[in-house]
file protein.tsv (TSV, C-alpha atoms and all ligand atoms)
chain	number	residue	atom	x	y	z
A	397	ASP	CA	11.83	-22.24	-14.86
A	398	ASP	CA	8.81	-20.58	-16.36
A	399	THR	CA	6.19	-22.46	-14.32
A	400	ILE	CA	8.02	-21.90	-11.08
A	401	SER	CA	8.40	-18.20	-11.76
A	402	LYS	CA	4.69	-17.93	-12.51
A	403	ILE	CA	3.76	-19.69	-9.29
A	404	ALA	CA	6.18	-17.54	-7.31
A	405	ALA	CA	4.78	-14.44	-9.01
A	406	GLY	CA	1.32	-15.53	-7.91
A	407	GLU	CA	2.57	-15.38	-4.33
A	408	VAL	CA	3.35	-11.68	-4.72
A	409	ILE	CA	0.60	-10.72	-7.16
A	410	GLU	CA	-2.38	-12.70	-6.02
A	411	ARG	CA	-5.05	-10.37	-7.34
A	412	PRO	CA	-5.40	-6.98	-9.03
A	413	ALA	CA	-5.38	-5.23	-5.65
A	414	SER	CA	-1.92	-6.65	-4.86
A	415	ALA	CA	-0.58	-5.16	-8.08
A	416	VAL	CA	-2.14	-1.81	-7.19
A	417	LYS	CA	-0.58	-1.95	-3.73
A	418	GLU	CA	2.91	-2.71	-5.06
A	419	LEU	CA	2.66	0.09	-7.62
A	420	LEU	CA	1.51	2.54	-4.94
A	421	ASP	CA	4.44	1.53	-2.71
A	422	ASN	CA	6.82	2.22	-5.60
A	423	SER	CA	5.28	5.62	-6.33
A	424	ILE	CA	5.48	6.59	-2.67
A	425	ASP	CA	9.12	5.42	-2.55
A	426	ALA	CA	9.76	7.68	-5.54
A	427	GLY	CA	8.62	10.72	-3.57
A	428	ALA	CA	5.48	11.33	-5.60
A	429	THR	CA	3.06	14.06	-4.49
A	430	GLU	CA	0.42	13.07	-7.05
A	431	ILE	CA	-0.65	9.51	-7.81
A	432	LYS	CA	-3.37	8.56	-10.23
A	433	VAL	CA	-4.75	5.02	-10.44
A	434	GLU	CA	-6.89	3.92	-13.39
A	435	ILE	CA	-8.78	0.65	-13.35
A	436	GLU	CA	-10.59	-1.17	-16.14
A	437	GLY	CA	-12.34	-4.51	-15.88
A	438	SER	CA	-11.79	-4.50	-12.09
A	439	GLY	CA	-8.07	-4.41	-12.67
A	440	VAL	CA	-7.85	-7.60	-14.66
A	441	LYS	CA	-8.12	-5.83	-17.99
A	442	ARG	CA	-5.96	-2.83	-17.10
A	443	ILE	CA	-4.33	-1.09	-14.15
A	444	ALA	CA	-2.38	2.09	-14.74
A	445	VAL	CA	-0.59	3.96	-11.98
A	446	ARG	CA	0.97	7.31	-12.84
A	447	ASP	CA	3.10	9.32	-10.44
A	448	ASN	CA	5.07	12.55	-10.49
A	449	GLY	CA	7.92	11.04	-8.50
A	450	HIS	CA	11.63	11.21	-9.32
A	451	GLY	CA	11.45	8.75	-12.24
A	452	MET	CA	14.17	6.38	-13.35
A	453	SER	CA	17.25	6.55	-15.51
A	454	HIS	CA	17.29	4.69	-18.83
A	455	MET	CA	19.63	2.14	-17.23
A	456	ASP	CA	17.49	1.59	-14.11
A	457	ALA	CA	14.32	1.32	-16.17
A	458	SER	CA	15.81	-1.37	-18.36
A	459	MET	CA	16.87	-3.28	-15.22
A	460	ALA	CA	13.60	-2.86	-13.32
A	461	PHE	CA	12.06	-6.16	-14.45
A	462	LYS	CA	15.07	-8.27	-13.57
A	463	LYS	CA	14.15	-10.33	-10.57
A	464	HIS	CA	15.88	-9.30	-7.35
A	465	ALA	CA	17.96	-6.80	-9.28
A	466	THR	CA	16.83	-4.24	-6.75
A	467	SER	CA	16.38	-6.34	-3.63
A	468	LYS	CA	17.41	-4.38	-0.60
A	469	LEU	CA	17.11	-7.33	1.78
A	470	THR	CA	20.85	-7.83	1.94
A	471	SER	CA	21.24	-4.49	3.66
A	472	ILE	CA	18.43	-4.88	6.14
A	473	ASP	CA	20.62	-3.36	8.83
A	474	ASP	CA	20.27	-0.05	7.11
A	475	LEU	CA	17.45	1.79	8.82
A	476	GLU	CA	16.75	4.10	5.92
A	477	LEU	CA	16.43	1.26	3.46
A	478	VAL	CA	14.09	-0.76	5.61
A	479	ARG	CA	11.98	2.30	6.16
A	480	THR	CA	11.25	2.61	2.48
A	481	LEU	CA	8.22	0.62	1.53
A	482	GLY	CA	9.69	-1.65	-1.10
A	483	PHE	CA	12.27	-4.12	0.02
A	484	ARG	CA	11.76	-7.28	-1.98
A	485	GLY	CA	12.82	-6.21	-5.44
A	486	GLU	CA	10.40	-8.50	-7.18
A	487	ALA	CA	7.10	-6.70	-7.61
A	488	LEU	CA	7.64	-5.55	-11.20
A	489	SER	CA	9.21	-8.84	-12.30
A	490	SER	CA	6.33	-10.73	-10.69
A	491	MET	CA	3.80	-8.57	-12.52
A	492	ALA	CA	5.60	-9.09	-15.80
A	493	ALA	CA	5.38	-12.86	-15.28
A	494	VAL	CA	1.59	-12.76	-15.12
A	495	ALA	CA	0.62	-9.73	-17.25
A	496	LYS	CA	1.65	-7.44	-20.07
A	497	VAL	CA	3.49	-4.54	-18.49
A	498	ILE	CA	4.50	-1.18	-19.88
A	499	LEU	CA	6.68	1.19	-17.90
A	500	ILE	CA	7.23	4.78	-19.01
A	501	THR	CA	9.51	6.96	-16.95
A	502	ARG	CA	11.60	10.11	-17.05
A	503	ARG	CA	13.70	11.94	-14.52
A	504	GLY	CA	13.30	15.71	-14.41
A	505	TRP	CA	16.71	16.40	-15.92
A	506	ASP	CA	16.68	13.78	-18.67
A	507	VAL	CA	15.85	14.95	-22.17
A	508	ALA	CA	14.16	11.71	-23.17
A	509	GLY	CA	12.11	9.24	-21.21
A	510	THR	CA	12.30	5.46	-21.36
A	511	LYS	CA	9.61	2.99	-22.30
A	512	VAL	CA	9.96	-0.67	-21.34
A	513	MET	CA	7.41	-3.15	-22.63
A	514	VAL	CA	7.24	-6.72	-21.45
A	515	ASP	CA	4.92	-8.84	-23.56
A	516	SER	CA	3.14	-12.02	-22.61
A	517	ASN	CA	6.16	-14.13	-23.57
A	518	GLY	CA	8.38	-12.16	-21.24
A	519	VAL	CA	10.19	-10.43	-24.10
A	520	GLU	CA	11.31	-6.93	-23.24
A	521	SER	CA	11.66	-3.99	-25.57
A	522	VAL	CA	13.28	-0.77	-24.45
A	523	SER	CA	12.92	2.49	-26.35
A	524	GLU	CA	13.17	6.25	-25.89
A	525	VAL	CA	9.95	8.25	-25.60
A	526	GLY	CA	8.77	11.69	-24.66
A	527	ALA	CA	7.23	11.60	-21.18
A	528	PRO	CA	6.41	13.88	-18.27
A	529	THR	CA	8.62	13.66	-15.18
A	530	GLY	CA	7.68	10.64	-13.12
A	531	THR	CA	6.59	7.12	-13.87
A	532	THR	CA	3.59	5.36	-15.33
A	533	VAL	CA	3.21	1.62	-15.03
A	534	GLU	CA	0.47	-0.09	-16.96
A	535	VAL	CA	-0.48	-3.68	-16.22
A	536	ALA	CA	-2.79	-5.27	-18.77
A	537	ASP	CA	-4.44	-8.69	-19.09
A	538	LEU	CA	-3.51	-9.81	-15.61
A	539	PHE	CA	-3.28	-13.60	-15.26
A	540	HIS	CA	-3.79	-14.11	-19.01
A	541	SER	CA	-1.24	-16.92	-18.81
A	542	THR	CA	-2.49	-18.40	-15.55
A	543	PRO	CA	-6.16	-19.18	-16.17
A	544	ALA	CA	-6.41	-21.08	-12.87
A	545	ARG	CA	-5.56	-17.93	-10.97
A	546	ARG	CA	-7.92	-15.89	-13.06
A	547	LYS	CA	-10.76	-18.30	-12.37
A	548	TYR	CA	-10.12	-18.11	-8.66
A	549	LEU	CA	-10.59	-14.34	-8.55
A	550	LYS	CA	-13.66	-13.20	-6.70
A	551	SER	CA	-16.42	-11.23	-8.39
A	552	SER	CA	-15.43	-8.03	-10.12
A	553	ARG	CA	-17.21	-6.03	-7.43
A	554	THR	CA	-15.11	-7.66	-4.70
A	555	GLU	CA	-11.89	-6.97	-6.62
A	556	LEU	CA	-12.79	-3.34	-7.05
A	557	ALA	CA	-13.65	-3.08	-3.33
A	558	HIS	CA	-10.17	-4.39	-2.45
A	559	ILE	CA	-8.53	-1.87	-4.75
A	560	THR	CA	-10.61	0.98	-3.35
A	561	GLU	CA	-9.73	-0.10	0.19
A	562	PHE	CA	-5.99	-0.01	-0.52
A	563	VAL	CA	-6.08	3.36	-2.24
A	564	THR	CA	-8.25	4.75	0.57
A	565	ASN	CA	-5.86	3.45	3.22
A	566	TYR	CA	-2.89	4.99	1.47
A	567	ALA	CA	-4.73	8.27	1.01
A	568	ILE	CA	-5.38	8.49	4.75
A	569	ALA	CA	-1.83	7.61	5.71
A	570	HIS	CA	-0.22	9.97	3.21
A	571	PRO	CA	-2.03	13.29	3.46
A	572	ASP	CA	0.91	14.94	1.68
A	573	ILE	CA	0.09	13.01	-1.50
A	574	SER	CA	-2.97	13.59	-3.65
A	575	PHE	CA	-4.58	10.38	-4.85
A	576	THR	CA	-7.08	9.87	-7.64
A	577	LEU	CA	-8.77	6.56	-8.35
A	578	LEU	CA	-10.70	6.15	-11.59
A	579	ASN	CA	-12.79	3.13	-12.43
A	580	GLU	CA	-13.84	2.80	-16.07
A	581	GLY	CA	-13.02	6.51	-16.41
A	582	LYS	CA	-15.19	7.58	-13.48
A	583	VAL	CA	-13.76	9.10	-10.31
A	584	VAL	CA	-14.14	6.75	-7.34
A	585	LEU	CA	-11.86	8.62	-4.97
A	586	ARG	CA	-10.06	11.91	-5.09
A	587	SER	CA	-8.13	13.00	-2.05
A	588	PRO	CA	-6.37	16.33	-2.16
A	589	ALA	CA	-3.03	16.80	-0.43
A	590	THR	CA	-4.32	18.29	2.83
A	591	ASN	CA	-1.12	17.61	4.75
A	592	ASN	CA	-3.21	16.46	7.67
A	593	MET	CA	-4.49	12.97	8.47
A	594	PHE	CA	-7.64	14.21	10.16
A	595	ASP	CA	-8.72	16.29	7.16
A	596	ASN	CA	-8.18	13.27	4.95
A	597	ILE	CA	-10.41	11.15	7.19
A	598	VAL	CA	-13.09	13.86	6.93
A	599	HIS	CA	-12.68	13.89	3.19
A	600	ILE	CA	-12.80	10.13	2.77
A	601	HIS	CA	-15.11	8.89	5.52
A	602	GLY	CA	-17.18	12.02	6.04
A	603	ALA	CA	-17.70	14.52	8.85
A	604	GLU	CA	-20.07	12.16	10.69
A	605	VAL	CA	-17.25	9.69	11.26
A	606	ALA	CA	-14.65	12.37	11.94
A	607	ARG	CA	-16.84	14.09	14.55
A	608	LEU	CA	-16.69	10.96	16.71
A	609	LEU	CA	-12.91	10.56	16.68
A	610	VAL	CA	-10.42	11.19	19.45
A	611	SER	CA	-6.72	11.53	18.83
A	612	VAL	CA	-4.15	9.00	19.95
A	613	VAL	CA	-0.60	9.94	20.86
A	614	TRP	CA	1.54	7.42	22.69
A	615	GLU	CA	5.16	6.48	22.82
A	616	ASN	CA	7.46	4.09	24.63
A	617	ASP	CA	10.90	2.78	23.80
A	618	LEU	CA	9.57	0.19	21.34
A	619	VAL	CA	6.85	1.98	19.45
A	620	LYS	CA	5.39	5.38	18.71
A	621	ILE	CA	1.62	5.34	18.11
A	622	SER	CA	-0.42	8.15	16.59
A	623	GLY	CA	-3.73	8.63	14.84
A	624	TYR	CA	-7.40	8.47	15.73
A	625	ILE	CA	-9.88	6.08	17.31
A	626	SER	CA	-13.62	6.54	17.64
A	627	LYS	CA	-15.79	7.14	20.63
A	628	PRO	CA	-17.66	3.96	21.58
A	629	GLU	CA	-20.89	5.15	19.97
A	630	LEU	CA	-19.26	4.74	16.56
A	631	SER	CA	-18.70	1.03	16.05
A	632	ARG	CA	-19.27	-1.49	13.31
A	633	SER	CA	-19.84	-5.21	13.22
A	634	GLY	CA	-16.67	-5.56	11.13
A	635	SER	CA	-13.31	-3.81	11.03
A	636	ASP	CA	-14.07	-1.85	7.85
A	637	LEU	CA	-13.40	1.49	9.55
A	638	GLN	CA	-9.93	0.46	10.65
A	639	SER	CA	-6.63	1.22	8.90
A	640	PHE	CA	-3.22	0.45	10.32
A	641	TYR	CA	0.22	1.45	9.13
A	642	ILE	CA	3.63	0.35	10.23
A	643	ASN	CA	6.41	2.69	9.18
A	644	GLY	CA	4.18	4.12	6.46
A	645	ARG	CA	3.19	0.78	4.99
A	646	SER	CA	-0.48	-0.15	5.01
A	647	ILE	CA	-0.93	-3.46	6.82
A	648	THR	CA	-3.69	-5.61	8.23
A	649	SER	CA	-3.41	-7.04	11.71
A	650	LYS	CA	-6.03	-8.90	13.73
A	651	ALA	CA	-3.71	-8.57	16.72
A	652	ILE	CA	-3.80	-4.76	16.54
A	653	SER	CA	-7.57	-4.82	16.05
A	654	ASN	CA	-7.96	-7.00	19.15
A	655	ALA	CA	-5.53	-4.90	21.20
A	656	ILE	CA	-7.63	-1.83	20.38
A	657	ARG	CA	-10.85	-3.50	21.49
A	658	LEU	CA	-9.18	-4.48	24.77
A	659	GLY	CA	-8.52	-0.80	25.47
A	660	TYR	CA	-12.25	-0.10	25.42
A	661	TYR	CA	-12.96	-2.69	28.16
A	662	THR	CA	-16.74	-2.89	28.41
A	663	LEU	CA	-17.37	0.34	26.51
A	664	LEU	CA	-17.97	-1.58	23.29
A	665	PRO	CA	-20.82	-4.02	22.82
A	666	LYS	CA	-19.72	-7.57	22.08
A	667	GLY	CA	-18.64	-8.17	18.48
A	668	ARG	CA	-18.37	-4.46	17.66
A	669	TYR	CA	-15.26	-2.71	16.33
A	670	PRO	CA	-14.47	0.98	16.76
A	671	ALA	CA	-13.13	3.11	13.95
A	672	ALA	CA	-9.34	3.31	14.21
A	673	PHE	CA	-6.70	4.92	12.03
A	674	LEU	CA	-3.38	4.18	13.70
A	675	LYS	CA	0.20	4.67	12.64
A	676	LEU	CA	2.88	2.67	14.40
A	677	GLU	CA	6.46	3.81	14.07
A	678	ILE	CA	8.75	0.97	15.00
A	679	ASP	CA	12.51	0.89	14.92
A	680	PRO	CA	13.26	-1.95	12.49
A	681	ARG	CA	16.58	-2.53	14.22
A	682	ILE	CA	14.68	-3.74	17.28
A	683	VAL	CA	11.48	-5.17	15.84
A	684	ASP	CA	11.35	-7.53	12.93
A	685	VAL	CA	8.44	-6.36	10.77
A	686	ASN	CA	7.49	-9.13	8.40
A	687	VAL	CA	4.61	-8.56	6.02
A	688	HIS	CA	3.38	-11.58	4.13
A	689	PRO	CA	3.53	-10.43	0.51
A	690	ARG	CA	0.15	-11.85	-0.31
A	691	LYS	CA	-1.98	-11.26	2.75
A	692	THR	CA	-0.44	-7.99	3.97
A	693	GLU	CA	-0.96	-9.47	7.44
A	694	VAL	CA	1.98	-8.33	9.52
A	695	ARG	CA	4.13	-10.51	11.81
A	696	LEU	CA	6.05	-8.70	14.50
A	697	SER	CA	8.70	-9.76	16.93
A	698	HIS	CA	8.03	-8.30	20.44
A	699	GLU	CA	4.39	-8.67	19.49
A	700	LYS	CA	3.10	-8.94	23.07
A	701	GLU	CA	4.80	-5.69	24.16
A	702	ILE	CA	3.65	-3.84	21.08
A	703	MET	CA	0.04	-4.97	21.49
A	704	GLU	CA	0.16	-3.91	25.15
A	705	ALA	CA	1.31	-0.49	23.98
A	706	VAL	CA	-1.61	-0.31	21.53
A	707	THR	CA	-4.06	-1.12	24.32
A	708	ALA	CA	-2.42	1.45	26.59
A	709	ALA	CA	-2.54	4.09	23.85
A	710	VAL	CA	-6.26	3.46	23.40
A	711	GLU	CA	-6.97	3.54	27.16
A	712	ASN	CA	-5.03	6.76	27.43
A	713	ALA	CA	-6.86	8.41	24.52
A	714	LEU	CA	-10.26	7.41	25.89
A	715	SER	CA	-9.55	8.52	29.44
A	716	SER	CA	-8.09	11.84	28.27
A	717	ASN	CA	-11.49	12.39	26.67
A	718	HIS	CA	-13.34	11.31	29.84
A	719	LEU	CA	-14.64	8.14	28.21
A	801	LIG	P1	11.38	-2.84	-5.07
A	801	LIG	O1	10.39	-1.74	-4.96
A	801	LIG	O2	11.15	-3.89	-4.03
A	801	LIG	O3	12.80	-2.40	-5.17
A	801	LIG	P2	10.06	-3.33	-7.57
A	801	LIG	O4	10.05	-4.49	-8.49
A	801	LIG	O5	8.77	-2.90	-6.97
A	801	LIG	O6	11.09	-3.65	-6.44
A	801	LIG	O7	10.70	-2.09	-8.32
A	801	LIG	C1	11.99	-2.23	-8.86
A	801	LIG	C2	12.74	-0.92	-8.89
A	801	LIG	O8	12.22	-0.08	-9.92
A	801	LIG	C3	12.61	-0.09	-7.62
A	801	LIG	O9	13.58	-0.44	-6.68
A	801	LIG	C4	12.81	1.33	-8.13
A	801	LIG	O10	14.16	1.63	-8.20
A	801	LIG	C5	12.24	1.27	-9.52
A	801	LIG	N1	10.87	1.79	-9.56
A	801	LIG	C6	9.74	1.06	-9.60
A	801	LIG	N2	8.65	1.84	-9.64
A	801	LIG	C7	9.11	3.11	-9.62
A	801	LIG	C8	8.45	4.41	-9.65
A	801	LIG	N3	7.11	4.52	-9.68
A	801	LIG	N4	9.25	5.51	-9.66
A	801	LIG	C9	10.60	5.39	-9.62
A	801	LIG	N5	11.26	4.22	-9.59
A	801	LIG	C10	10.53	3.09	-9.59
A	802	MG	MG	8.35	-2.15	-4.98
call {"tool": "encode", "arguments": {"input": "protein.tsv", "output": "structure tokens", "more": "lines below"}}
Ligand code: ADP
Ligand code: MG
result
Amino acid sequence: DDTISKIAAGEVIERPASAVKELLDNSIDAGATEIKVEIEGSGVKRIAVRDNGHGMSHMDASMAFKKHATSKLTSIDDLELVRTLGFRGEALSSMAAVAKVILITRRGWDVAGTKVMVDSNGVESVSEVGAPTGTTVEVADLFHSTPARRKYLKSSRTELAHITEFVTNYAIAHPDISFTLLNEGKVVLRSPATNNMFDNIVHIHGAEVARLLVSVVWENDLVKISGYISKPELSRSGSDLQSFYINGRSITSKAISNAIRLGYYTLLPKGRYPAAFLKLEIDPRIVDVNVHPRKTEVRLSHEKEIMEAVTAAVENALSSNHL
């Protein structure tokens, strides 16, 4: 019933940043090369994500808010499907359960676009509109119907920091996509499509950070690891200069963070974390990649072997650079 669906929706959309993340995943799935994120009131008042991806048909748009209408979990054997970032088929329906959502979309070859509005009572209206190719999703008044959730949200500055972190992580991992993040109309982040992860790190974290990076390239039969880690002299007391991706999806993982530190042996002072931007490519037919919808903390089968590979990749990168 209504209450249950709102609680379940809260599992997927815990905070404004989770909505932003789901919308980014959808835009990336749609093959966008430009993604613009607008935030007002730290995302509670309004989040708008606009992409120039392939858009949706009138029919698909009017189905998009039906729960599980698009779930791909039944065909998890299909490598290509699992590789795409969205696989639960409930992000938009979950958002619509806790916010007012407007979706505007048009495919390149369609004459008219489609606008779907879901109001606070869950009532949908579908109409034809003029629209550029691609999709815009606007989420307004998040948690208006679940005051308990709204109360629980951290300060507006913390919420904005979470959103910025997600967009930054995606910008690094997807150098072929240009990202813009606007807060209250002001540019917070603008990453051009450089087509190169290193250039994006320079752009986002600055040349001082980039100067201290060494590249990581490692592969065994379970996992392919690539990206950058820092020389020991660049370390932080927290893991704020670390971004990890599994099959293109931004994830958090204490296990990966620890496996990286192990690779430095005694090179790092106690309690310090190096910078690390690592992509793991894992064959989903072998490894079960399970991301908790709320926490983004990843659970992996074969975890021990994969973490050993991460440590080995780090050792190898450091020793190749005589560190
Ligand atoms: P999922 O991504 O898990 O399938 P969502 O609720 O996030 O579920 O999205 C539902 C469906 O709506 C997607 O499968 C996709 O077909 C379509 N869709 C959502 N966002 C976009 C977008 N930005 N561009 C094109 N299609 C989209
Ligand atoms: Mg999705």
call {"tool": "residues_around", "arguments": {"input": "protein.tsv", "residues": "Ile498 (chain A)", "least_positions_apart": "6", "cutoff": "6 Å", "atoms": "only C-alpha atoms", "output": "PDB file with C-alpha atoms, keeping the file's coordinate frame"}}
result
ATOM      1  CA  VAL A 512       9.960  -0.670 -21.340  1.00  0.00           C
ATOM      2  CA  MET A 513       7.410  -3.150 -22.630  1.00  0.00           C
ATOM      3  CA  VAL A 533       3.210   1.620 -15.030  1.00  0.00           C
ATOM      4  CA  GLU A 534       0.470  -0.090 -16.960  1.00  0.00           C
TER       5      GLU A 534
END
call {"tool": "closest_residue", "arguments": {"input": "protein.tsv", "among": "A:Leu549, A:Leu488, A:Leu609, A:Leu499", "to": "ligand MG 802 (chain A)", "atoms": "only C-alpha atoms and all ligand atoms"}}
result
A:Leu488
call {"tool": "atom_distance", "arguments": {"input": "protein.tsv", "atom1": "CA of Arg411 (chain A)", "atom2": "CA of Gly518 (chain A)"}}
result
19.4 Å
call {"tool": "residues_near_ligand", "arguments": {"input": "protein.tsv", "ligand": "ligand MG 802 (chain A)", "cutoff": "6 Å", "atoms": "all atoms listed in the file", "output": "list in words"}}
result
Glu418, Asp421, Asn422, Gly482 and Ala487 of chain A
call {"tool": "atom_distance", "arguments": {"input": "protein.tsv", "atom1": "CA of Gly449 (chain A)", "atom2": "CA of Gln638 (chain A)"}}
result
28.2 Å
call {"tool": "residues_near_point", "arguments": {"input": "protein.tsv", "point": "(-11.6, 3.3, -17.4)", "cutoff": "9 Å", "atoms": "all atoms listed in the file", "output": "count of residues only"}}
result
10
call {"tool": "closest_residue", "arguments": {"input": "protein.tsv", "among": "A:Gly623, A:Gly439, A:Gly504, A:Pro628", "to": "ligand LIG 801 (chain A)", "atoms": "only C-alpha atoms and all ligand atoms"}}
result
A:Gly504
call {"tool": "atom_distance", "arguments": {"input": "protein.tsv", "atom1": "CA of Asn616 (chain A)", "atom2": "CA of Asp679 (chain A)"}}
result
11.4 Å
call {"tool": "residues_around", "arguments": {"input": "protein.tsv", "residues": "Val610 (chain A)", "least_positions_apart": "2", "cutoff": "8 Å", "atoms": "only C-alpha atoms", "output": "list in words"}}
result
Leu608, Val612, Tyr624, Ile625, Ser626, Lys627, Ala713, Leu714 and Asn717 of chain A
call {"tool": "closest_residue", "arguments": {"input": "protein.tsv", "among": "A:Thr531, A:Val416, A:Lys441, A:Asn596", "to": "ligand LIG 801 (chain A)", "atoms": "all atoms listed in the file"}}
result
A:Thr531
call {"tool": "axis_aligned_box", "arguments": {"input": "protein.tsv", "around": "region 426-438 of chain A", "padding_each_side": "5 Å", "output": "JSON"}}
result
{"center_x": -1.3, "center_y": 4.8, "center_z": -9.9, "size_x": 32.1, "size_y": 28.6, "size_z": 22.6}
call {"tool": "residues_around", "arguments": {"input": "protein.tsv", "residues": "Tyr641 (chain A)", "least_positions_apart": "5", "cutoff": "7 Å", "atoms": "all atoms listed in the file", "output": "list in words"}}
result
Ser646, Ile647, Leu674, Lys675 and Leu676 of chain A
call {"tool": "residues_near_point", "arguments": {"input": "protein.tsv", "point": "(-13.8, -1.8, 27.2)", "cutoff": "12 Å", "atoms": "only C-alpha atoms", "output": "PyMOL selection string"}}
result
chain A and resi 627-628+654-670+707-708+710-711+714-715+719
